[in-house]
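Engineer: Please read through the structure below; I'll follow up with questions.
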Amino acid sequence: MSELNSAQTCFHCSLPVPPQEEVEAEIEGEMQQFCCTGCKAVCQAIFSAGLEGFYQRTPEDACLAPPPEIPKELALYDLDEVQEEFVGGLEEERDIHLLIEGIHCAACVWLIEHTLNAMPGVVTAQVNLSGKRLHVKWHNGRLPLSQIIQRLGQIGYAAVPYDPEVAEGALKKQNRHLLYRMAFAAFGMMNLMWISIALYAGADQGEFRSLFHWVGFALSTPVLLYSGYPFYKGAWSGLKNLHLGMDLPIAIGASITYLYSVYVTLTGSVVGEVYYDTVVNFLFVILVGRYLEAMSKRQAVAATQRLLDLQPRVATLFQGGREKIVPIRAVNIGDTVLVKPGERIPIDGFIIEGRGSINESMLTGESLPANKGPGDEVSAGTINSHGALQIEVKGSLKNTALGRIISLVEEAQGSKAPIQCLADQIVPWFVAATLGLATVTFLYWVGSSLEVALLAATSVLIITCPCAFGLATPMSIAVASGLGAKYGILVKNGEVLESLSSINHVIFDKTGTLTEGGMSVVGIYTETHVWEGSKEDDATEEVRSLMMKLAAVERFAEHPTAQAVLDWVASQSLDQHGLKAKNFEHRPGQGVSATVDGEEIFIGSPSLLTHHNIDASETFKALAATLDNRGVGSIRVAVDGREVALLAVEDRIRSDAKDLIDALKAEGLSLTLLSGDRRDAAEAIAHRLGGMNVIAEVLPEEKDQVVQQLQAKGERVAMVGDGVNDAPALVRADVGIAMGSGTDVSIASADIVLMSGELEKVRLAIGLSRRTLSTMRQNIGISITYNIIMVPLAMSAIVTPLVAAISMPMSSLAVIGNSARIRTLFKGVKIKS
């Protein structure tokens with residue numbers, strides 16, 4: 001780290017100026033020092049615009065950050081096709097929200113607003129400091145949007161279009177409102193607790209009884225109206241549709257308890273008690289559950305959004321020998337697009353010029369890049385590792401392979417109906433029975449005493465409140481989810497624990513799931529020596545010397561097999577003694593070559609050797625064919641015009657895969673290996689794992705169809721995968737299980753994520769689900785038993801509302817205690833979390 005001169009600070013941002021930097025400019029007749037050219041340019045722009053008042057408005061001792069990088073390709077934002085996603089309408093006068101990077105204080109707000117308002121064509125410019133957002137209105141015909149963004153960059157701020165509606169999202173807004181209601185109920189609950197303590201301590205018998213009742217009324221009424229609104233709305237909607245759902249008993253229980261408390265408060269009755277605290281506590285507990293459920297819905301939407309993010313938003317259109325960057329919406333079938341090395345292919349099409357190495361692992365699961373040339377098809381979302389390609393468009397947006405995957409995920413999400421728990425099936429009948437029993441109780445006692453009748457009916461409604469039924473499933477899920485998370489099993493949707501317990505067929509993706517997902521050297525064959533084994537095995541001096549030279553060459557390559565060679569050398573702790581490769585050359589689709597220690601080394605396919613007029617060895621040719629039949633890849637090596645070695649590379653099987661397969665077979669589960677790889681490679685993996693069904697060479701949409709076909713036969717299917725190509729199948733399956741080492745899309749699409757990627761956790765997850773389902777059934781049994789005992793007592797007017805309010809939580813506490821027993825499941829299990 002360079003030593004800084006603390007006495008010299010940047011005139012613009014006040015950060016120290018590195019002594020080796022000599023960035024200075026004349027500002028108002030004086031030479032000023034700057035920490036970088038960016039600060040210098042920003043300062044000059046501010047002074048030239050007459051906005052030097054910015055520095056007087058900056059708080060003392062405040063350090064501004066150097067200006068952020070201005071977004072590239074600003075002209076793109078002038079296109080109507082791009083703007084229509086962010087502006088309200090494409091009229092002459094438009095308005096847009098910009099997310100601003102670099103805002104620090106009120107002085108920044110002043111500078112931005114004064115700078116933009118001075119630009120001809122800008123109508124208004126308003127900055128939100130807390131949100132770091134700018135709302136600007138402008139005349140599009142007089143001033144392009146790119147000039148506004150560029151002007152912001154000149155004064156030290158980077159801006160990108162921002163759509164508040166899209167950024168927030170409907171679900172996020174709903175969740176935020178739900179959170180507000182929950183917080184409001186929590187506030188009321190905490191304050192009512194003191195009122196309840198006073199009443200239970202004896203204040204209900206004194207002169208302040210009425211006062212405490214009215215205070216409870218004042219606290220509980222707004223909570224009931226605001227926090228309870230979603231339940232009343234849901235109950236009314238259910239009644240209109242002739243459906244007795246969970247919202248109805250919640251609304252009835254809260255309303256009757258509240259109304260009875262209001263009756264006691266208004267009449268000043270000394271017989272009854274108030275239950276304002278019961279109303280508020282009940283609403284708070286239920287709202288917590290609703291909020292957790294809403295969060296899981298947001299995750300389902302995020303899965304599709306991550307898929308959409310994989311498709312490039314722009315493409316380089318190639319017309320008349322000229323390049324033009326356009327939004328992906330403007331690309332039509334038959335157009336030609338240019339894809340440079342390292343770029344993601346924006347559309348489906350076929351190559352008309354150029355050769356390249358295409359990484360298609362996100363679609364096919366194949367770890368080795370595919371070498372493609374003129375006439376070969378390419379897919380949107382895949383990555384062009386090497387070579388410039390001209391591609392003729394044959395499908396765009398939803399017509400691409402990636403677009404079809406997105407459609408499949410959305411379709412599967414829509415068709416996958418929520419699991420109906422036993423509690424949900426009972427609740428409508430339970431609600432009807434509760435209303436009937438309360439009515440019968442009231443009619444029976446009303447002849448003798450209205451107050452006794454009201455108390456008895458209220459006791460029935462309170463004591464039969466479906467709280468225990470509501471907790472039977474979520475409490476089991478909450479405990480199981482927490483336990484799973486502790487052991488690296490992330491359960492994203494609680495209902496899936498019930499579904500997983502009935503699984504009888506498990507489908508495994510091959511690449512990245514049962515295998516490590518990266519190439520490894522598993523064999524080195526020279527004319528005189530053979531090395532086969534794990535990374536810990538020693539190799540002969542000849543093999544080690546050869547591999548060090550190959551590593552010197554492969555250090556300049558980006559192919560997965562190059563990394564496999566480097567990993568092998570690293571595993572052997574070899575010192576290359578300063579070996580350097582010269583004259584490195586890469587031939588896409590063939591391999592690499594370079595000169596090391598005066599020897600010309602070639603590493604790649606047989607076509608590379610043919611291109612350099614090197615005769616292929618019949619011995620190595622036969623060996624390559626044998627390896628290919630076993631599903632193992634091969635790399636040919638030649639030195640000074642003669643083939644001298646062959647490397648065997650493959651995607652290694654995970655060390656814990658065999659144990660998992662054996663364990664699942666012992667439990668009687670059917671197993672299938674599903675892969676987009678070649679059949680011989682997939683069958684070789686299945687054989688080494690002890691044998692299972694194999695379905696190979698499948699496209700992403702075919703993986704989804706395989707799951708559907710098994711489900712049509714009555715199979716309950718769990719899918720274990722890690723790639724983008726697995727996303728539709730993960731969602732379609734009854735249970736989707738993603739490896740934590742996989743892609744964001746597969747993780748977002750799955751119901752369960754194995755955070756550390758240990759396959760043993762698949763078996764643990766199944767065990768956890770079975771224990772959870774058993775606990776759910778026990779909890780429902782506890783709830784029913786409680787009601788069978790207590791309801792008759794309430795109908796007999798033996799149990800008062802106060803006793804009912806005290807006994808009602810007893811069933812809930814029993815449910816909570818029984819659910820806590822799930823935590824004993826993994827005792828003795830030692831596994832990395």
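Chain labels follow the order of the structure tokens: the first chain is A, the next B, and so on; residue numbering restarts at 1 in every chain, and ligands are counted from 1 in their shown order.
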Excluding stretch 588-604 of chain A and any residue of its chain fewer than 4 positions from it, enumerate the residues within 9 Å of it, using only C-alpha atoms, and give them as a count of residues only.
Structural biologist: 33
Engineer: Which neighbours of A:His505 fall inside 9 Å, counting only C-alpha atoms, when residues of the same chain fewer than 5 positions from it are skipped, and could you give them as a PyMOL selection string?
Structural biologist: chain A and resi 669-672+710+715-719
Engineer: If you keep C-alpha atoms, can you produce a file of those selected residues as a tab-separated table (two decimals), in the first residue's frame?
Structural biologist:
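For reference, out_2.tsv as written:
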chain	number	residue	atom	x	y	z
A	669	LEU	CA	-37.22	-46.01	-3.30
A	670	SER	CA	-37.00	-46.15	-7.11
A	671	LEU	CA	-34.05	-44.18	-8.50
A	672	THR	CA	-33.46	-42.62	-11.93
A	710	LEU	CA	-43.74	-40.61	-13.95
A	715	GLU	CA	-45.34	-42.01	-8.87
A	716	ARG	CA	-44.57	-39.43	-6.18
A	717	VAL	CA	-41.40	-37.82	-7.57
A	718	ALA	CA	-38.54	-35.94	-5.93
A	719	MET	CA	-36.06	-34.25	-8.28
Engineer: Find the spatial neighbours of A:Glu84, counting only C-alpha atoms, within a cut-off of 12 Å - ignore same-chain residues fewer than 2 positions away - and output them as a list in words.
Structural biologist: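 So, after excluding close chain neighbours, the residues are Tyr77, Asp78, Leu79, Asp80, Glu81, Val82, Phe86, Val87, Gly88, Gly89, Leu90, Glu91, Arg94, Asp95, Ile96, Pro161, Tyr162, Asp163, Pro327 and Arg329 of chain A.
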Engineer: Write a file of the just-selected residues containing N, CA and C atoms, as a compact mmCIF listing (two decimals), in the first residue's frame.
Structural biologist:
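Wrote part38.txt, looks like this:
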# COMPACT_ATOMS: atom_id res chain seq x y z
N TYR A 77 -30.40 4.08 -24.02
CA TYR A 77 -31.52 4.59 -23.24
C TYR A 77 -32.39 5.57 -24.04
N ASP A 78 -31.94 5.98 -25.23
CA ASP A 78 -32.75 6.87 -26.06
C ASP A 78 -33.77 6.11 -26.90
N LEU A 79 -33.64 4.80 -26.98
CA LEU A 79 -34.56 3.99 -27.79
C LEU A 79 -35.91 3.86 -27.09
N ASP A 80 -36.97 4.04 -27.87
CA ASP A 80 -38.32 3.92 -27.31
C ASP A 80 -38.57 2.52 -26.77
N GLU A 81 -37.98 1.50 -27.43
CA GLU A 81 -38.19 0.13 -26.98
C GLU A 81 -37.64 -0.10 -25.57
N VAL A 82 -36.59 0.63 -25.23
CA VAL A 82 -36.01 0.52 -23.90
C VAL A 82 -36.77 1.41 -22.92
N PHE A 86 -39.75 1.88 -18.61
CA PHE A 86 -39.50 2.73 -17.44
C PHE A 86 -40.34 3.98 -17.39
N VAL A 87 -40.78 4.51 -18.55
CA VAL A 87 -41.54 5.76 -18.56
C VAL A 87 -43.03 5.46 -18.60
N GLY A 88 -43.81 6.46 -18.17
CA GLY A 88 -45.25 6.26 -18.14
C GLY A 88 -45.86 6.18 -19.52
N GLY A 89 -45.35 6.93 -20.47
CA GLY A 89 -45.86 6.91 -21.84
C GLY A 89 -44.83 7.50 -22.77
N LEU A 90 -44.95 7.20 -24.05
CA LEU A 90 -43.95 7.64 -25.03
C LEU A 90 -44.39 8.94 -25.71
N GLU A 91 -44.93 9.88 -24.92
CA GLU A 91 -45.32 11.17 -25.47
C GLU A 91 -44.10 12.07 -25.58
N ARG A 94 -41.99 13.40 -21.14
CA ARG A 94 -41.89 12.12 -20.46
C ARG A 94 -41.33 12.31 -19.04
N ASP A 95 -41.58 11.34 -18.21
CA ASP A 95 -40.97 11.37 -16.87
C ASP A 95 -40.43 9.99 -16.54
N ILE A 96 -39.36 9.96 -15.78
CA ILE A 96 -38.68 8.71 -15.47
C ILE A 96 -38.06 8.81 -14.08
N PRO A 161 -32.02 3.82 -15.20
CA PRO A 161 -33.49 3.86 -15.09
C PRO A 161 -33.99 2.94 -13.99
N TYR A 162 -35.06 3.38 -13.35
CA TYR A 162 -35.60 2.67 -12.19
C TYR A 162 -37.11 2.74 -12.25
N ASP A 163 -37.77 1.59 -12.21
CA ASP A 163 -39.23 1.53 -12.23
C ASP A 163 -39.72 1.18 -10.83
N PRO A 327 -31.83 -3.07 -28.46
CA PRO A 327 -32.48 -3.89 -27.43
C PRO A 327 -32.92 -5.21 -28.02
N ARG A 329 -35.59 -6.71 -27.91
CA ARG A 329 -36.93 -6.67 -28.49
C ARG A 329 -36.88 -6.27 -29.96
Engineer: Find the residues around A:Glu392 up to 12 Å (only C-alpha atoms counted), leave out those fewer than 2 positions away in its own chain, and share them as an MDAnalysis selection string.
Structural biologist: chainID A and resid 316:319 331:339 345:354 374:379 389:390 394:396
Engineer: Using only C-alpha atoms, which of the listed residues (A:Thr473, A:Asn504, A:Thr434, A:Asn191) sits closest to A:Gln711?
Structural biologist: A:Asn504
Engineer: Which polymer residues have any atom within 12 Å of an atom of A:Leu143, counting only C-alpha atoms, with same-chain residues fewer than 2 positions away left out, as a VMD selection string?
Structural biologist: chain A and resid 78 92 to 94 116 119 to 123 137 to 141 145 to 151
Engineer: Can you list, as a PyMOL selection string, every protein, DNA or RNA residue that comes within 12 Å of A:Ser227 when you count only C-alpha atoms, leaving out same-chain residues fewer than 2 positions away?
Structural biologist: chain A and resi 177-189+220-225+229-233+251+254+279-288+290
